[in-house]
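Enquirer: Just one file: data_8.cif, with mmCIF, C-alpha atoms.
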```cif
data_structure
loop_
_atom_site.label_atom_id
_atom_site.label_comp_id
_atom_site.auth_asym_id
_atom_site.auth_seq_id
_atom_site.Cartn_x
_atom_site.Cartn_y
_atom_site.Cartn_z
CA MET S 1 58.56 -96.14 10.81
CA LYS S 2 56.43 -94.99 13.74
CA ASP S 3 54.57 -98.31 13.58
CA LEU S 4 57.71 -100.46 13.73
CA SER S 5 57.41 -102.69 16.79
CA MET S 6 60.00 -101.86 19.45
CA PRO S 7 59.31 -104.00 22.54
CA GLY S 8 62.82 -103.37 23.83
CA LEU S 9 62.27 -99.61 23.94
CA GLU S 10 58.90 -100.13 25.64
CA ARG S 11 60.56 -102.39 28.21
CA LEU S 12 63.24 -99.78 28.86
CA LEU S 13 60.73 -96.97 29.36
CA ALA S 14 58.65 -99.22 31.63
CA ALA S 15 61.74 -100.04 33.72
CA CYS S 16 62.48 -96.33 34.08
CA GLU S 17 58.96 -95.80 35.43
CA LYS S 18 59.11 -98.81 37.76
CA TYR S 19 62.51 -98.09 39.29
CA PRO S 20 64.01 -94.83 40.62
CA VAL S 21 65.61 -93.89 37.31
CA GLN S 22 65.35 -90.21 36.44
CA THR S 23 64.54 -89.89 32.77
CA LYS S 24 64.66 -86.90 30.47
CA THR S 25 63.11 -87.12 27.02
CA ARG S 26 62.72 -84.66 24.17
CA LYS S 27 59.81 -84.14 21.82
CA PRO S 28 60.05 -85.83 18.42
CA TRP S 29 60.90 -83.69 15.41
CA GLY S 30 59.53 -84.04 11.91
CA GLY S 31 62.95 -83.32 10.46
CA ALA S 32 64.62 -86.36 12.07
CA PRO S 33 66.31 -88.84 9.70
CA THR S 34 64.09 -91.53 8.23
CA ALA S 35 64.85 -95.20 7.61
CA GLY S 36 67.39 -95.64 4.85
CA SER S 37 68.07 -91.92 4.45
CA LEU S 38 71.73 -90.97 4.39
CA LEU S 39 73.37 -89.27 7.36
CA LEU S 40 76.79 -88.07 6.22
CA GLY S 41 76.78 -90.82 3.62
CA ARG S 42 75.64 -93.65 5.89
CA PRO S 43 72.18 -95.30 5.71
CA PHE S 44 70.07 -94.55 8.76
CA ASP S 45 68.93 -97.60 10.71
CA PRO S 46 65.14 -98.27 10.60
CA MET S 47 64.85 -98.87 14.35
CA LEU S 48 66.82 -95.73 15.10
CA ALA S 49 64.45 -93.86 12.80
CA ALA S 50 61.50 -95.40 14.67
CA PHE S 51 63.00 -94.23 17.96
CA TYR S 52 63.30 -90.66 16.70
CA SER S 53 59.73 -90.73 15.38
CA ARG S 54 58.66 -91.22 19.02
CA LEU S 55 61.30 -89.35 21.02
CA GLY S 56 63.68 -86.53 20.22
CA GLY S 57 66.32 -87.89 22.58
CA LEU S 58 66.73 -89.76 25.87
CA LEU S 59 68.87 -89.29 28.97
CA LEU S 60 68.86 -91.60 32.02
CA ASP S 61 70.57 -90.71 35.28
CA SER S 62 72.19 -94.16 35.12
CA GLY S 63 74.41 -92.62 32.45
CA LEU S 64 72.86 -93.81 29.18
CA TYR S 65 71.93 -91.19 26.60
CA VAL S 66 70.62 -91.23 23.06
CA ASN S 67 71.67 -88.14 21.13
CA ALA S 68 69.10 -85.38 20.81
CA CYS S 69 67.49 -84.78 17.44
CA ASP S 70 64.81 -82.12 17.70
CA GLU S 71 64.00 -78.55 16.71
CA GLN S 72 66.58 -77.14 19.15
CA VAL S 73 69.60 -79.31 18.35
CA ASN S 74 70.45 -81.98 15.80
CA GLY S 75 72.75 -83.81 18.18
CA ILE S 76 72.97 -87.00 16.17
CA PHE S 77 74.26 -85.08 13.15
CA MET S 78 76.78 -83.19 15.29
CA ALA S 79 78.02 -86.39 16.97
CA ASN S 80 78.64 -88.09 13.63
CA GLU S 81 80.23 -85.00 12.16
CA ARG S 82 82.80 -85.15 15.00
CA VAL S 83 83.36 -88.85 14.33
CA GLN S 84 84.16 -88.21 10.68
CA ARG S 85 86.66 -85.51 11.66
CA HIS S 86 88.49 -87.39 14.41
CA TRP S 87 88.08 -91.18 14.09
CA PRO S 88 90.11 -93.35 11.71
CA GLU S 89 88.58 -95.91 9.42
CA PRO S 90 86.80 -98.27 9.80
CA PHE S 91 85.22 -96.44 12.77
CA ARG S 92 84.39 -93.41 10.67
CA SER S 93 81.85 -95.57 8.84
CA LEU S 94 79.88 -96.28 12.04
CA LEU S 95 76.75 -94.30 12.91
CA VAL S 96 76.96 -93.00 16.48
CA PHE S 97 73.63 -92.57 18.27
CA GLY S 98 74.40 -92.39 21.99
CA GLY S 99 76.83 -93.15 24.74
CA LYS S 100 77.70 -92.90 28.41
CA GLU S 101 77.23 -89.47 29.95
CA ALA S 102 80.45 -87.70 30.99
CA LEU S 103 82.53 -90.42 29.30
CA SER S 104 83.83 -90.88 25.77
CA TYR S 105 82.35 -94.37 25.30
CA THR S 106 79.78 -94.25 22.53
CA TYR S 107 77.14 -96.56 21.06
CA ALA S 108 76.91 -96.88 17.31
CA THR S 109 75.25 -98.94 14.62
CA VAL S 110 77.29 -100.76 11.98
CA PRO S 111 75.75 -99.96 8.58
CA ASN S 112 77.85 -102.45 6.61
CA GLN S 113 76.59 -105.32 8.80
CA ALA S 114 72.86 -104.64 8.27
CA ASP S 115 70.53 -107.62 7.82
CA ALA S 116 68.04 -108.17 4.98
CA GLN S 117 65.60 -105.71 6.60
CA GLY S 118 68.29 -103.07 6.93
CA LEU S 119 68.54 -103.47 10.71
CA GLN S 120 72.04 -102.70 11.93
CA PRO S 121 73.85 -104.26 14.93
CA VAL S 122 75.07 -102.09 17.80
CA VAL S 123 78.62 -101.79 19.14
CA GLU S 124 80.22 -99.90 22.00
CA VAL S 125 83.19 -97.84 20.85
CA ASP S 126 86.13 -97.32 23.19
CA PRO S 127 88.05 -94.34 21.74
CA TYR S 128 90.63 -94.21 24.52
CA GLU S 129 94.22 -94.89 23.42
CA ASP S 130 93.84 -97.47 20.61
CA ILE S 131 90.25 -97.15 19.41
CA TYR S 132 88.21 -100.35 19.11
CA ALA S 133 84.59 -101.50 19.34
CA VAL S 134 82.83 -104.51 20.85
CA PRO S 135 79.40 -105.93 19.92
CA VAL S 136 76.50 -105.15 22.24
CA ALA S 137 73.26 -106.01 20.38
CA SER S 138 72.04 -107.44 17.08
CA ASN S 139 69.88 -104.37 16.49
CA VAL S 140 68.89 -101.10 18.15
CA ASP S 141 65.78 -102.47 19.85
CA ARG S 142 67.73 -105.41 21.26
CA PHE S 143 70.13 -102.81 22.64
CA PHE S 144 67.27 -101.07 24.45
CA ASP S 145 66.05 -104.46 25.68
CA ALA S 146 69.51 -105.33 27.02
CA TYR S 147 69.74 -102.05 28.89
CA ALA S 148 66.24 -102.58 30.32
CA ARG S 149 67.33 -106.01 31.57
CA TYR S 150 70.39 -104.38 33.10
CA LEU S 151 68.22 -101.91 35.03
CA GLU S 152 65.93 -104.73 36.16
CA PHE S 153 68.95 -106.72 37.33
CA ILE S 154 70.56 -103.96 39.39
CA TYR S 155 67.30 -102.77 40.97
CA GLU S 156 66.07 -106.29 41.78
CA THR S 157 69.40 -107.20 43.43
CA PRO S 158 69.53 -105.64 46.92
CA GLU S 159 73.31 -105.20 47.12
CA PHE S 160 73.29 -103.33 43.79
CA ARG S 161 70.06 -101.42 44.37
CA ASP S 162 71.25 -100.05 47.70
CA CYS S 163 74.89 -99.45 46.76
CA PRO S 164 75.39 -97.71 43.41
CA ASP S 165 79.17 -98.01 43.66
CA ALA S 166 78.88 -101.81 43.67
CA ARG S 167 76.81 -102.00 40.49
CA PRO S 168 78.33 -103.84 37.52
CA LEU S 169 79.08 -101.78 34.43
CA PHE S 170 77.06 -102.12 31.25
CA PRO S 171 77.83 -103.92 29.01
CA ASN S 172 81.21 -105.43 29.91
CA GLU S 173 80.30 -106.64 33.42
CA VAL S 174 76.95 -108.22 32.51
CA PRO S 175 77.90 -110.78 29.82
CA GLU S 176 74.83 -112.92 30.61
CA ILE S 177 72.56 -110.12 29.42
CA ILE S 178 74.51 -109.52 26.22
CA ALA S 179 74.86 -113.23 25.44
CA ALA S 180 71.06 -113.69 25.59
CA ASP S 181 70.96 -112.04 22.14
CA ARG S 182 71.46 -115.19 20.08
CA ALA S 183 71.56 -113.35 16.77
CA LEU S 184 74.42 -111.22 18.08
CA MET S 185 76.30 -114.30 19.28
CA ASN S 186 75.96 -115.88 15.84
CA MET S 187 77.38 -112.74 14.25
CA LEU S 188 80.26 -112.80 16.72
CA VAL S 189 81.07 -116.44 15.90
CA GLU S 190 81.01 -115.57 12.20
CA GLY S 191 83.67 -112.92 12.79
CA ARG S 192 81.44 -110.08 11.65
CA PHE S 193 82.95 -107.65 14.17
CA ASP S 194 86.61 -108.66 13.91
CA PHE S 195 87.45 -105.63 11.76
CA LEU S 196 86.38 -103.37 14.65
CA MET S 197 87.94 -105.38 17.48
CA PHE S 198 91.36 -106.49 16.28
CA ARG S 199 93.57 -103.72 14.94
CA GLU S 200 97.26 -102.95 14.85
CA GLY S 201 98.50 -100.42 17.39
CA VAL S 202 100.90 -99.62 20.20
CA ASP S 203 98.82 -101.42 22.81
CA ALA S 204 97.26 -103.93 20.44
CA GLN S 205 98.50 -106.95 22.40
CA ARG S 206 96.95 -105.70 25.65
CA THR S 207 93.75 -104.60 23.91
CA HIS S 208 93.37 -107.87 22.00
CA LYS S 209 93.81 -109.81 25.25
CA GLU S 210 91.00 -107.81 26.89
CA ILE S 211 88.74 -108.33 23.89
CA ARG S 212 89.38 -112.08 23.77
CA GLU S 213 88.62 -112.32 27.49
CA TRP S 214 85.33 -110.47 26.87
CA ILE S 215 84.44 -112.81 24.02
CA ALA S 216 85.22 -115.81 26.21
CA GLN S 217 82.91 -114.43 28.92
CA LEU S 218 80.12 -114.01 26.37
CA GLN S 219 80.57 -117.51 25.02
CA ALA S 220 80.60 -118.99 28.53
CA ALA S 221 77.47 -117.04 29.46
CA GLY S 222 75.72 -118.17 26.29
CA THR S 223 76.25 -121.91 26.81
#
```
Transcribe the structure of this file into structure tokens.

Expert:
Amino acid sequence: MKDLSMPGLERLLAACEKYPVQTKTRKPWGGAPTAGSLLLGRPFDPMLAAFYSRLGGLLLDSGLYVNACDEQVNGIFMANERVQRHWPEPFRSLLVFGGKEALSYTYATVPNQADAQGLQPVVEVDPYEDIYAVPVASNVDRFFDAYARYLEFIYETPEFRDCPDARPLFPNEVPEIIAADRALMNMLVEGRFDFLMFREGVDAQRTHKEIREWIAQLQAAGT
């Protein structure tokens, strides 16, 4: 999987070099999961496997991290082991690979929504109060591409570049970037993520309202 093309990852790493983004990477590890192998019963995404064939983990000072998977720590296994202990279904079936540093928001692939090549879409999981997830990218490399575009946007916009507190949050405050992924938008229209977004719960009405507003923003940005 080392030869799998990942222009989104290359764009992200280039953005980190171009802009003042402090980046920490880890060396790849031969024992990292391979495409299609099972991690706690879930098939490992090919693009995630390609990432780990090149890097053993990634941490940006903007807050994004991809779980470590190297000789020192198998962070991706540990993260998913926690998920299986604490999350309810259907979220237990997701494959967590990263998140936002110092926060509980996580990024995960959705194995049961893989395409014909086995590539899995990416969602952001909000585990606070009533857990739910929203779509972010049609595959892992499109996720890296979206985050690269986000960095380009904030560092090419003076009021965001010079004032970190004013920067929009990824992904929910940059719908134009997310909506550029047409494959993701098609999946959203088809209702492929409804089982992760709309659930029964104490605050379901409030949560569903927020999700529908987010979907409306994506659809408006994509027209």

Enquirer: For each of S:Arg92, S:Lys209, S:Lys24, S:Arg54, take the minimum atom-to-atom distance to Thr109 (chain S), counting all atoms listed in the file, then give the residue where this is smallest.

Expert: S:Arg92

Enquirer: Can you pull out every residue within 7 Å of Pro111 (chain S), counting all atoms listed in the file, but drop anything in the same chain fewer than 2 positions away, and send it as a VMD selection string?

Expert: chain S and resid 42 to 43 94 109 113 to 114 120

Enquirer: Please return as a tab-separated table (two decimals) with C-alpha atoms, in the frame of the given file every residue within 12 Å of (82.7, -101.6, 29.2), taking into account all atoms listed in the file and the file's own coordinates.

Expert:
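File written: result_18.tsv
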```tsv
chain	number	residue	atom	x	y	z
S	99	GLY	CA	76.83	-93.15	24.74
S	100	LYS	CA	77.70	-92.90	28.41
S	103	LEU	CA	82.53	-90.42	29.30
S	104	SER	CA	83.83	-90.88	25.77
S	105	TYR	CA	82.35	-94.37	25.30
S	106	THR	CA	79.78	-94.25	22.53
S	107	TYR	CA	77.14	-96.56	21.06
S	123	VAL	CA	78.62	-101.79	19.14
S	124	GLU	CA	80.22	-99.90	22.00
S	125	VAL	CA	83.19	-97.84	20.85
S	126	ASP	CA	86.13	-97.32	23.19
S	127	PRO	CA	88.05	-94.34	21.74
S	128	TYR	CA	90.63	-94.21	24.52
S	132	TYR	CA	88.21	-100.35	19.11
S	133	ALA	CA	84.59	-101.50	19.34
S	134	VAL	CA	82.83	-104.51	20.85
S	135	PRO	CA	79.40	-105.93	19.92
S	136	VAL	CA	76.50	-105.15	22.24
S	168	PRO	CA	78.33	-103.84	37.52
S	169	LEU	CA	79.08	-101.78	34.43
S	170	PHE	CA	77.06	-102.12	31.25
S	171	PRO	CA	77.83	-103.92	29.01
S	172	ASN	CA	81.21	-105.43	29.91
S	173	GLU	CA	80.30	-106.64	33.42
S	174	VAL	CA	76.95	-108.22	32.51
S	175	PRO	CA	77.90	-110.78	29.82
S	178	ILE	CA	74.51	-109.52	26.22
S	210	GLU	CA	91.00	-107.81	26.89
S	211	ILE	CA	88.74	-108.33	23.89
S	214	TRP	CA	85.33	-110.47	26.87
```

Enquirer: Which distance in Å separates CA of Arg142 (chain S) and CA of Met6 (chain S), to one decimal?

Expert: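 Separating CA of Arg142 (chain S) from CA of Met6 (chain S) is a distance of 8.7 Å.
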
Enquirer: I'd like the interatomic distance between CA of Thr207 (chain S) and CA of Val96 (chain S), to a tenth of an Å.

Expert: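 So the two atoms, CA of Thr207 (chain S) and CA of Val96 (chain S), lie 21.7 Å apart.
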
Enquirer: Excluding same-chain residues fewer than 3 positions from region 151-163 of chain S, what lies within 12 Å of it counting only C-alpha atoms, as a PyMOL selection string?

Expert: chain S and resi 11-21+60-64+144-148+166-171+173-174+176-177

Enquirer: Nearest to Ala35 (chain S) among S:Glu81, S:Trp87, S:Phe198, S:Gly118, with distances taken over all atoms listed in the file: which residue is it?

Expert: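 Once distances to Ala35 (chain S) are computed over all atoms listed in the file, the minimum belongs to S:Gly118.
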
Enquirer: Quick one: residues within 10 Å of Thr25 (chain S), only C-alpha atoms counted, chain neighbours fewer than 6 positions away excluded, as a PyMOL selection string?

Expert: chain S and resi 55-60+65-66+68

Enquirer: State, in Å with one decimal place, the distance from CA of Lys27 (chain S) to CA of Ser138 (chain S).

Expert: 26.7 Å

Enquirer: Using only C-alpha atoms, which of the listed residues (S:Cys69, S:Val110, S:Leu9, S:Leu184) sits closest to Asp141 (chain S)?

Expert: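 Selected residue with least distance to Asp141 (chain S): S:Leu9.
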
Enquirer: Using all atoms listed in the file, what residues lie at most 12 Å away from (83.3, -114.0, 17.5) (file coordinates), given as number ranges by chain?

Expert: S: 134-135, 179, 183-198, 211-219

Enquirer: Using all atoms listed in the file, pick whichever of S:Trp29, S:Phe77, S:Phe97, S:Phe91 has the shortest atom-to-atom distance to Leu48 (chain S).

Expert: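 Result for the nearest residue to Leu48 (chain S): S:Phe97.
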
Enquirer: Counting all atoms listed in the file, which residue out of S:Arg199, S:Met47, S:Val83, S:Gly41 sits closest to Val122 (chain S)?

Expert: S:Met47

Enquirer: May I have the residues within 9 Å of Ala32 (chain S) as a list in words, using all atoms listed in the file and disregarding those fewer than 5 positions away in the same chain?

Expert: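 Returned residues: Ala49, Tyr52, Ser53, Gly56, Cys69, Asp70 and Asn74 of chain S.
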
Enquirer: Kindly save the residues from that selection, with C-alpha atoms included, as a short mmCIF file (atom, residue, chain, number, x, y, z; two decimals), in the frame of the given file.

Expert:
```
data_model
loop_
_atom_site.label_atom_id
_atom_site.label_comp_id
_atom_site.auth_asym_id
_atom_site.auth_seq_id
_atom_site.Cartn_x
_atom_site.Cartn_y
_atom_site.Cartn_z
CA ALA S 49 64.45 -93.86 12.80
CA TYR S 52 63.30 -90.66 16.70
CA SER S 53 59.73 -90.73 15.38
CA GLY S 56 63.68 -86.53 20.22
CA CYS S 69 67.49 -84.78 17.44
CA ASP S 70 64.81 -82.12 17.70
CA ASN S 74 70.45 -81.98 15.80
#
```

Enquirer: Smallest atom-to-atom distance to Leu95 (chain S): which of S:Glu10, S:Leu39, S:Ala137, S:Ala220, using only C-alpha atoms?

Expert: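 Closest candidate: S:Leu39.
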